[in-house]
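J.: Contents of input_16.cif (mmCIF, C-alpha atoms):
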```cif
data_query
loop_
_atom_site.label_atom_id
_atom_site.label_comp_id
_atom_site.auth_asym_id
_atom_site.auth_seq_id
_atom_site.Cartn_x
_atom_site.Cartn_y
_atom_site.Cartn_z
CA MET A 1 0.00 0.00 0.00
CA GLY A 2 1.49 3.35 -1.03
CA ALA A 3 1.76 6.47 1.17
CA ALA A 4 -1.16 8.22 -0.55
CA GLU A 5 -3.42 5.17 -0.06
CA ARG A 6 -2.52 4.89 3.64
CA THR A 7 -3.29 8.60 4.19
CA LYS A 8 -6.68 8.23 2.50
CA ALA A 9 -7.54 5.14 4.55
CA LEU A 10 -6.67 6.87 7.84
CA SER A 11 -8.61 10.05 6.99
CA ALA A 12 -11.69 8.01 6.03
CA ASN A 13 -11.82 6.18 9.38
CA LEU A 14 -12.09 8.87 12.08
CA VAL A 15 -13.67 7.93 15.40
CA THR A 16 -14.96 10.42 17.97
CA ARG A 17 -16.26 9.68 21.49
CA CYS A 18 -19.18 11.39 23.25
CA PRO A 19 -17.92 12.85 26.57
CA GLU A 20 -21.36 12.35 28.14
CA CYS A 21 -22.15 8.66 27.49
CA THR A 22 -18.74 7.58 26.06
CA THR A 23 -20.37 6.20 22.90
CA THR A 24 -17.99 6.15 19.93
CA PHE A 25 -18.97 7.18 16.42
CA ARG A 26 -17.29 6.63 13.10
CA VAL A 27 -17.40 9.91 11.10
CA LEU A 28 -15.92 11.34 7.90
CA PRO A 29 -13.75 14.48 7.66
CA ALA A 30 -16.36 16.23 5.49
CA GLN A 31 -19.02 15.63 8.16
CA LEU A 32 -16.82 17.18 10.85
CA SER A 33 -15.90 20.22 8.75
CA ALA A 34 -19.56 20.90 7.84
CA ARG A 35 -20.19 22.71 11.17
CA GLY A 36 -16.79 23.46 12.51
CA GLY A 37 -16.47 20.07 14.23
CA ARG A 38 -19.69 20.40 16.31
CA VAL A 39 -21.67 17.12 16.35
CA ARG A 40 -24.65 15.70 18.26
CA CYS A 41 -24.53 12.32 19.98
CA GLY A 42 -27.00 9.88 18.46
CA LYS A 43 -27.54 8.17 21.82
CA CYS A 44 -27.84 10.96 24.42
CA SER A 45 -28.27 13.96 22.01
CA LYS A 46 -25.41 15.92 23.62
CA VAL A 47 -23.68 18.41 21.30
CA PHE A 48 -19.90 18.30 21.60
CA ASP A 49 -16.68 19.08 19.71
CA GLY A 50 -16.01 16.02 17.56
CA LEU A 51 -12.50 17.14 16.67
CA ALA A 52 -11.43 17.58 20.30
CA ASN A 53 -12.80 14.13 21.20
CA LEU A 54 -11.25 12.12 18.37
CA VAL A 55 -9.91 8.71 19.47
CA GLN A 56 -7.41 6.45 17.76
CA ASP A 57 -9.16 3.95 15.52
CA PRO A 58 -7.57 0.46 15.80
CA PRO A 59 -5.40 0.08 12.68
CA PRO A 60 -6.03 -2.97 10.53
CA ALA A 61 -3.81 -5.92 11.38
CA THR A 62 -0.93 -6.50 9.03
CA VAL A 63 1.06 -9.67 8.37
CA ASP A 64 4.82 -9.42 8.56
CA GLU A 65 6.46 -12.02 6.40
CA PRO A 66 8.97 -13.94 8.61
CA SER A 67 12.48 -14.67 7.53
CA PRO A 68 12.90 -18.15 6.00
CA GLN A 69 15.62 -18.97 8.57
CA ILE A 70 13.21 -18.58 11.58
CA GLY A 71 11.51 -21.89 10.70
CA LEU A 72 14.75 -23.74 11.30
CA PHE A 73 14.71 -22.76 14.99
CA ASP A 74 11.00 -23.46 15.75
CA PRO A 75 11.12 -25.83 18.76
CA ARG A 76 7.61 -27.15 17.96
CA GLY A 77 8.77 -28.33 14.58
CA ARG A 78 6.11 -26.30 12.73
CA PRO A 79 6.77 -23.51 10.23
CA THR A 80 6.53 -20.04 11.79
CA THR A 81 4.42 -18.85 8.94
CA GLU A 82 1.50 -21.08 10.00
CA ALA A 83 1.54 -19.68 13.57
CA SER A 84 1.69 -16.14 12.29
CA ALA A 85 -1.23 -16.76 9.97
CA ALA A 86 -3.35 -18.15 12.82
CA ALA A 87 -2.53 -15.16 15.01
CA VAL A 88 -3.46 -12.79 12.21
CA ASP A 89 -6.81 -14.54 11.76
CA ARG A 90 -7.61 -14.11 15.46
CA GLU A 91 -6.66 -10.42 15.36
CA ASN A 92 -8.76 -9.84 12.23
CA ALA A 93 -11.78 -11.48 13.91
CA ASP A 94 -11.35 -9.24 16.99
CA ALA A 95 -11.04 -6.11 14.84
CA THR A 96 -14.16 -7.05 12.85
CA GLN A 97 -16.14 -7.57 16.06
CA HIS A 98 -14.99 -4.15 17.39
CA ALA A 99 -15.96 -2.40 14.17
CA LYS A 100 -19.43 -3.97 14.28
CA ALA A 101 -19.92 -2.75 17.85
CA ASP A 102 -18.92 0.80 16.86
CA ALA A 103 -21.15 0.77 13.79
CA SER A 104 -24.17 -0.33 15.82
CA ALA A 105 -23.80 2.78 18.03
CA VAL A 106 -24.05 5.19 15.06
CA PRO A 107 -27.66 5.75 13.95
CA VAL A 108 -27.76 6.55 10.23
CA ALA A 109 -30.16 9.19 8.86
CA ALA A 110 -32.86 8.12 6.44
CA GLY A 111 -32.03 10.69 3.76
CA THR A 112 -28.98 11.57 1.74
CA SER A 113 -26.45 14.23 2.70
CA GLU A 114 -26.49 17.72 1.25
CA GLY A 115 -23.17 19.04 0.08
CA THR A 116 -21.16 15.79 0.51
CA ASP A 117 -20.70 12.77 -1.74
CA GLU A 118 -19.71 10.21 0.93
CA GLY A 119 -23.27 9.04 1.71
CA PRO A 120 -26.13 9.84 4.10
CA LEU A 121 -25.41 12.05 7.12
CA PRO A 122 -25.68 10.58 10.62
CA GLU A 123 -28.60 11.72 12.77
CA PHE A 124 -26.43 13.96 14.95
CA LEU A 125 -25.48 16.05 11.86
CA GLU A 126 -29.01 16.43 10.49
CA GLU A 127 -30.79 19.80 10.53
CA ARG A 128 -33.70 19.67 12.94
CA PRO A 129 -36.83 21.58 11.85
CA ALA A 130 -37.98 24.55 13.91
CA PRO A 131 -40.67 23.80 16.51
CA ARG A 132 -44.26 24.25 15.36
CA GLN A 133 -44.92 26.88 18.05
CA PHE A 134 -42.07 29.02 16.73
CA ARG A 135 -43.43 28.82 13.17
CA LEU A 136 -46.88 29.92 14.37
CA VAL A 137 -45.47 32.89 16.28
CA TRP A 138 -43.33 33.93 13.31
CA GLY A 139 -46.32 33.70 10.96
CA PHE A 140 -48.47 35.81 13.31
CA LEU A 141 -45.78 38.49 13.61
CA SER A 142 -45.34 38.59 9.81
CA LEU A 143 -49.11 39.02 9.33
CA LEU A 144 -49.20 41.77 11.97
CA ALA A 145 -46.33 43.63 10.28
CA ALA A 146 -48.11 43.42 6.90
CA LEU A 147 -51.33 44.82 8.40
CA LEU A 148 -49.46 47.70 10.06
CA LEU A 149 -47.72 48.53 6.79
CA ALA A 150 -51.06 48.54 4.92
CA ALA A 151 -52.63 50.79 7.59
CA GLN A 152 -49.71 53.21 7.34
CA ALA A 153 -50.09 53.37 3.54
CA VAL A 154 -53.83 54.08 3.85
CA PHE A 155 -53.16 56.86 6.37
CA GLN A 156 -50.46 58.42 4.19
CA TYR A 157 -52.51 58.36 0.97
CA ARG A 158 -56.00 58.80 2.47
CA THR A 159 -56.69 61.87 0.31
CA GLU A 160 -55.89 60.07 -2.94
CA ILE A 161 -57.88 56.99 -1.87
CA ALA A 162 -60.94 59.13 -1.06
CA ALA A 163 -60.67 60.86 -4.44
CA ALA A 164 -60.31 57.58 -6.38
CA SER A 165 -63.01 55.75 -4.38
CA PRO A 166 -65.80 58.09 -3.18
CA GLU A 167 -67.59 55.21 -1.39
CA ALA A 168 -64.55 54.82 0.89
CA ARG A 169 -64.59 58.48 1.92
CA ALA A 170 -67.20 57.97 4.67
CA TYR A 171 -65.07 55.26 6.31
CA LEU A 172 -61.94 57.39 6.03
CA GLU A 173 -63.70 60.37 7.59
CA ARG A 174 -64.85 58.18 10.49
CA ALA A 175 -61.31 56.89 10.98
CA CYS A 176 -59.92 60.43 10.91
CA ARG A 177 -62.33 61.50 13.63
CA MET A 178 -61.02 58.67 15.80
CA LEU A 179 -57.37 59.41 14.99
CA ASP A 180 -57.78 63.21 15.18
CA CYS A 181 -56.55 63.72 11.62
CA GLU A 182 -57.90 65.72 8.67
CA LEU A 183 -59.24 64.34 5.41
CA ARG A 184 -58.80 67.06 2.82
CA LEU A 185 -59.62 67.20 -0.86
CA PRO A 186 -56.81 66.70 -3.39
CA ARG A 187 -54.65 69.71 -4.28
CA HIS A 188 -53.11 69.37 -7.74
CA VAL A 189 -52.34 72.86 -8.97
CA ALA A 190 -51.32 71.60 -12.42
CA LEU A 191 -54.97 70.60 -12.97
CA MET A 192 -56.32 74.04 -11.97
CA ARG A 193 -56.65 76.74 -14.62
CA ILE A 194 -57.80 80.35 -14.93
CA GLU A 195 -60.11 80.09 -17.92
CA SER A 196 -60.78 83.83 -18.35
CA SER A 197 -60.09 86.98 -16.38
CA GLU A 198 -60.48 90.74 -16.50
CA VAL A 199 -59.33 93.66 -14.29
CA GLU A 200 -60.92 97.06 -14.76
CA ALA A 201 -61.41 100.27 -12.79
CA ASP A 202 -64.63 100.70 -10.90
CA ALA A 203 -66.63 103.44 -12.64
CA ARG A 204 -68.43 104.45 -9.46
CA ARG A 205 -65.50 104.49 -6.99
CA ALA A 206 -62.02 105.88 -7.33
CA ASN A 207 -58.96 103.75 -6.56
CA VAL A 208 -61.00 100.56 -6.80
CA LEU A 209 -60.37 97.73 -9.25
CA VAL A 210 -62.88 95.06 -10.19
CA LEU A 211 -61.54 91.54 -10.83
CA ASN A 212 -63.61 89.03 -12.81
CA ALA A 213 -62.26 85.53 -13.42
CA VAL A 214 -63.32 81.91 -14.00
CA VAL A 215 -61.44 79.10 -12.20
CA ARG A 216 -61.73 75.62 -13.74
CA ASN A 217 -60.87 72.21 -12.28
CA ASN A 218 -59.56 69.97 -15.08
CA ALA A 219 -59.14 66.93 -12.82
CA MET A 220 -61.39 63.85 -12.88
CA PHE A 221 -62.08 64.35 -9.16
CA ALA A 222 -63.10 67.18 -6.87
CA GLN A 223 -60.35 69.49 -5.59
CA GLU A 224 -59.91 72.24 -3.05
CA PHE A 225 -60.30 75.83 -4.20
CA PRO A 226 -56.86 77.26 -4.85
CA SER A 227 -55.49 80.54 -3.64
CA ILE A 228 -54.92 83.09 -6.42
CA VAL A 229 -51.95 85.43 -6.76
CA LEU A 230 -52.88 88.78 -8.40
CA THR A 231 -49.87 90.72 -9.67
CA LEU A 232 -50.30 94.27 -11.05
CA THR A 233 -47.59 95.35 -13.51
CA ASP A 234 -46.42 98.60 -15.07
CA GLU A 235 -45.63 99.50 -18.69
CA SER A 236 -42.44 97.37 -18.60
CA ASP A 237 -44.36 94.35 -17.26
CA GLN A 238 -42.54 94.71 -13.94
CA PRO A 239 -44.49 93.85 -10.77
CA VAL A 240 -45.86 96.89 -9.00
CA VAL A 241 -47.94 95.20 -6.31
CA ARG A 242 -48.83 91.59 -5.52
CA ARG A 243 -51.72 90.25 -3.49
CA VAL A 244 -52.75 86.71 -2.50
CA LEU A 245 -56.49 86.01 -2.62
CA ALA A 246 -57.61 83.12 -0.39
CA PRO A 247 -60.78 81.14 -1.24
CA ALA A 248 -62.60 82.76 1.68
CA GLU A 249 -62.03 86.18 0.06
CA TYR A 250 -63.34 85.48 -3.44
CA LEU A 251 -66.14 82.95 -2.64
CA ALA A 252 -69.54 84.31 -1.78
CA ASP A 253 -70.61 81.13 0.06
CA ALA A 254 -68.22 79.78 2.70
CA ARG A 255 -69.74 76.31 2.36
CA SER A 256 -68.48 76.12 -1.22
CA ALA A 257 -64.91 76.12 0.06
CA ALA A 258 -65.57 72.94 2.06
CA ARG A 259 -67.19 71.17 -0.91
CA GLY A 260 -64.43 72.17 -3.31
CA ILE A 261 -64.63 72.39 -7.09
CA PRO A 262 -66.23 69.28 -8.59
CA ALA A 263 -64.52 67.31 -11.33
CA GLY A 264 -64.52 69.41 -14.51
CA GLY A 265 -66.38 72.20 -12.68
CA GLU A 266 -65.94 75.96 -12.85
CA GLU A 267 -66.26 78.81 -10.35
CA THR A 268 -66.86 82.44 -11.33
CA LEU A 269 -65.47 85.05 -9.01
CA ARG A 270 -65.97 88.85 -8.86
CA LEU A 271 -63.89 90.87 -6.42
CA HIS A 272 -63.44 94.59 -5.68
CA LEU A 273 -59.90 95.59 -4.71
CA ALA A 274 -58.95 98.98 -3.29
CA THR A 275 -55.55 100.22 -4.47
CA LYS A 276 -53.80 103.55 -5.16
CA VAL A 277 -51.20 102.02 -7.45
CA ARG A 278 -51.33 102.91 -11.12
CA ALA A 279 -50.95 99.73 -13.17
CA THR A 280 -51.26 98.91 -16.85
CA GLY A 281 -51.31 95.09 -16.70
CA TYR A 282 -51.85 92.13 -14.41
CA ARG A 283 -51.22 88.38 -13.97
CA LEU A 284 -53.32 85.72 -12.23
CA GLU A 285 -51.82 82.44 -11.00
CA PRO A 286 -53.54 79.69 -8.93
CA PHE A 287 -51.51 77.93 -6.23
CA PHE A 288 -51.93 75.86 -3.07
CA PRO A 289 -50.10 77.18 -0.02
#
```
Represent the supplied structure as structure tokens.
T.:
Amino acid sequence: MGAAERTKALSANLVTRCPECTTTFRVLPAQLSARGGRVRCGKCSKVFDGLANLVQDPPPATVDEPSPQIGLFDPRGRPTTEASAAAVDRENADATQHAKADASAVPVAAGTSEGTDEGPLPEFLEERPAPRQFRLVWGFLSLLAALLLAAQAVFQYRTEIAAASPEARAYLERACRMLDCELRLPRHVALMRIESSEVEADARRANVLVLNAVVRNNAMFAQEFPSIVLTLTDESDQPVVRRVLAPAEYLADARSAARGIPAGGEETLRLHLATKVRATGYRLEPFFP
């Protein structure tokens, strides 16, 4: 047997002993290296360091060929080779019996190993499934986290949900009363437009301007009334004075502000503004503060 074959035979026959019940197990190097040498006893279920508790496996008996001259001095008159052969047979029988006793102490798993090619893993190296109670608790916590995330999303986008689903608005308003929050109408200034406007001097009062305008909601849902910025300009189109008109200032009915502008709806406003500034032009811009 060459040196490489002897090294392979020794490495394939490792024996470790449980420090708790002293049961010996025959293991492979790949099984020990799978978890850093930590193994579980198949008899008493104790987890221990298999590398630190390795024991010397009895080496197979070998036959040393005697010298031909030894037979000349055998006082029993029998060739030494016959006695040596009988002794070897007895040693081989003892070694076989010892190996069977060790093998009976190692319970073999029913499946095949994962990641090794030597065969099925022993029971003390198998992955044990998580307890059923732990799986139930983990499932409940996962469901609770998903519900909390959904509730947070509804709270964050409650305005958009109410606009997209009017039948859900009553439930959202009830929830906001419980949570002390506010459910407002959408505010998309890009969908608001000043359809027409006109600024002229009041013929009956000096230093008074009359503003007429039509505000249109181009959205497919109702929106809040926007605030309107009125900017008076001079001959060079430079701002002379600027004023912000809130919905409460240009709406005749305060309840209209709470209802908002319906989808595709329009609101006509007429407002008298007192000013001493001489202006030749103006600009109107809707915005949400």
J.: So the first atom is CA of Leu245 in chain A and the second is CA of Val229 in chain A; what is the distance between them in Å, to one decimal place?
T.: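 Between CA of Leu245 in chain A and CA of Val229 in chain A the gap is 6.2 Å.
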J.: Can you pull out the residues contacting Ala162 in chain A? Cut-off 12 Å, using only C-alpha atoms, and skip same-chain residues under 2 positions away; I want them as a list in words.
T.: Val154, Phe155, Gln156, Tyr157, Arg158, Thr159, Glu160, Ala164, Ser165, Pro166, Glu167, Ala168, Arg169, Ala170, Tyr171, Leu172, Glu173, Leu183, Arg184, Leu185, Pro186, Phe221, Ala222 and Gln223 of chain A
J.: Might you spell out which residues the PyMOL selection byres ((chain A and resi 241) around 9) would select in the displayed file, as a PyMOL selection string?
T.: chain A and resi 230-233+239-240+242-243+277+279
J.: For CA of Val27 in chain A and CA of Leu14 in chain A, quote the distance in Å rounded to one decimal.
T.: 5.5 Å
J.: Can you pull out the residues contacting range 195-206 of chain A? Cut-off 9 Å, using all atoms listed in the file, and skip same-chain residues under 4 positions away; I want them as a PyMOL selection string.
T.: chain A and resi 210-216+266+272+274+276+281-282+284
J.: What gap, in Å, lies between CA of Leu136 in chain A and CA of Leu148 in chain A?
T.: 18.5 Å
J.: Write out as a list in words which residues come within 12 Å of Thr22 in chain A when counting all atoms listed in the file, dropping same-chain ones fewer than 3 positions away.
T.: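 Those residues are Val15, Thr16, Arg17, Cys18, Pro19, Phe25, Cys41, Gly42, Lys43, Cys44, Lys46, Phe48, Asn53, Leu54, Val55, Asp102 and Ala105 of chain A.
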J.: For Arg187 in chain A, which of A:Leu269, A:Leu144, A:Ile261, A:Leu209 is the closest residue, counting all atoms listed in the file?
T.: A:Ile261
J.: Of the candidates A:Gln238, A:Ala175, A:Pro286, A:Gly260, which one gets nearest to Ala151 in chain A if we count all atoms listed in the file?
T.: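 For Ala151 in chain A, the nearest of the given residues is A:Ala175.
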J.: Report as a ChimeraX atom specification the full result of the PyMOL selection byres ((chain A and resi 192) around 8) when it is applied to this structure.
T.: /A:188-191,193-194,215-219,226,286
J.: From the set A:Leu147, A:Phe287, A:Arg259, A:Glu267, which residue has the shortest atom-to-atom contact distance to Ala246 in chain A, counting only C-alpha atoms?
T.: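 Among the listed residues, A:Phe287 lies closest to Ala246 in chain A.
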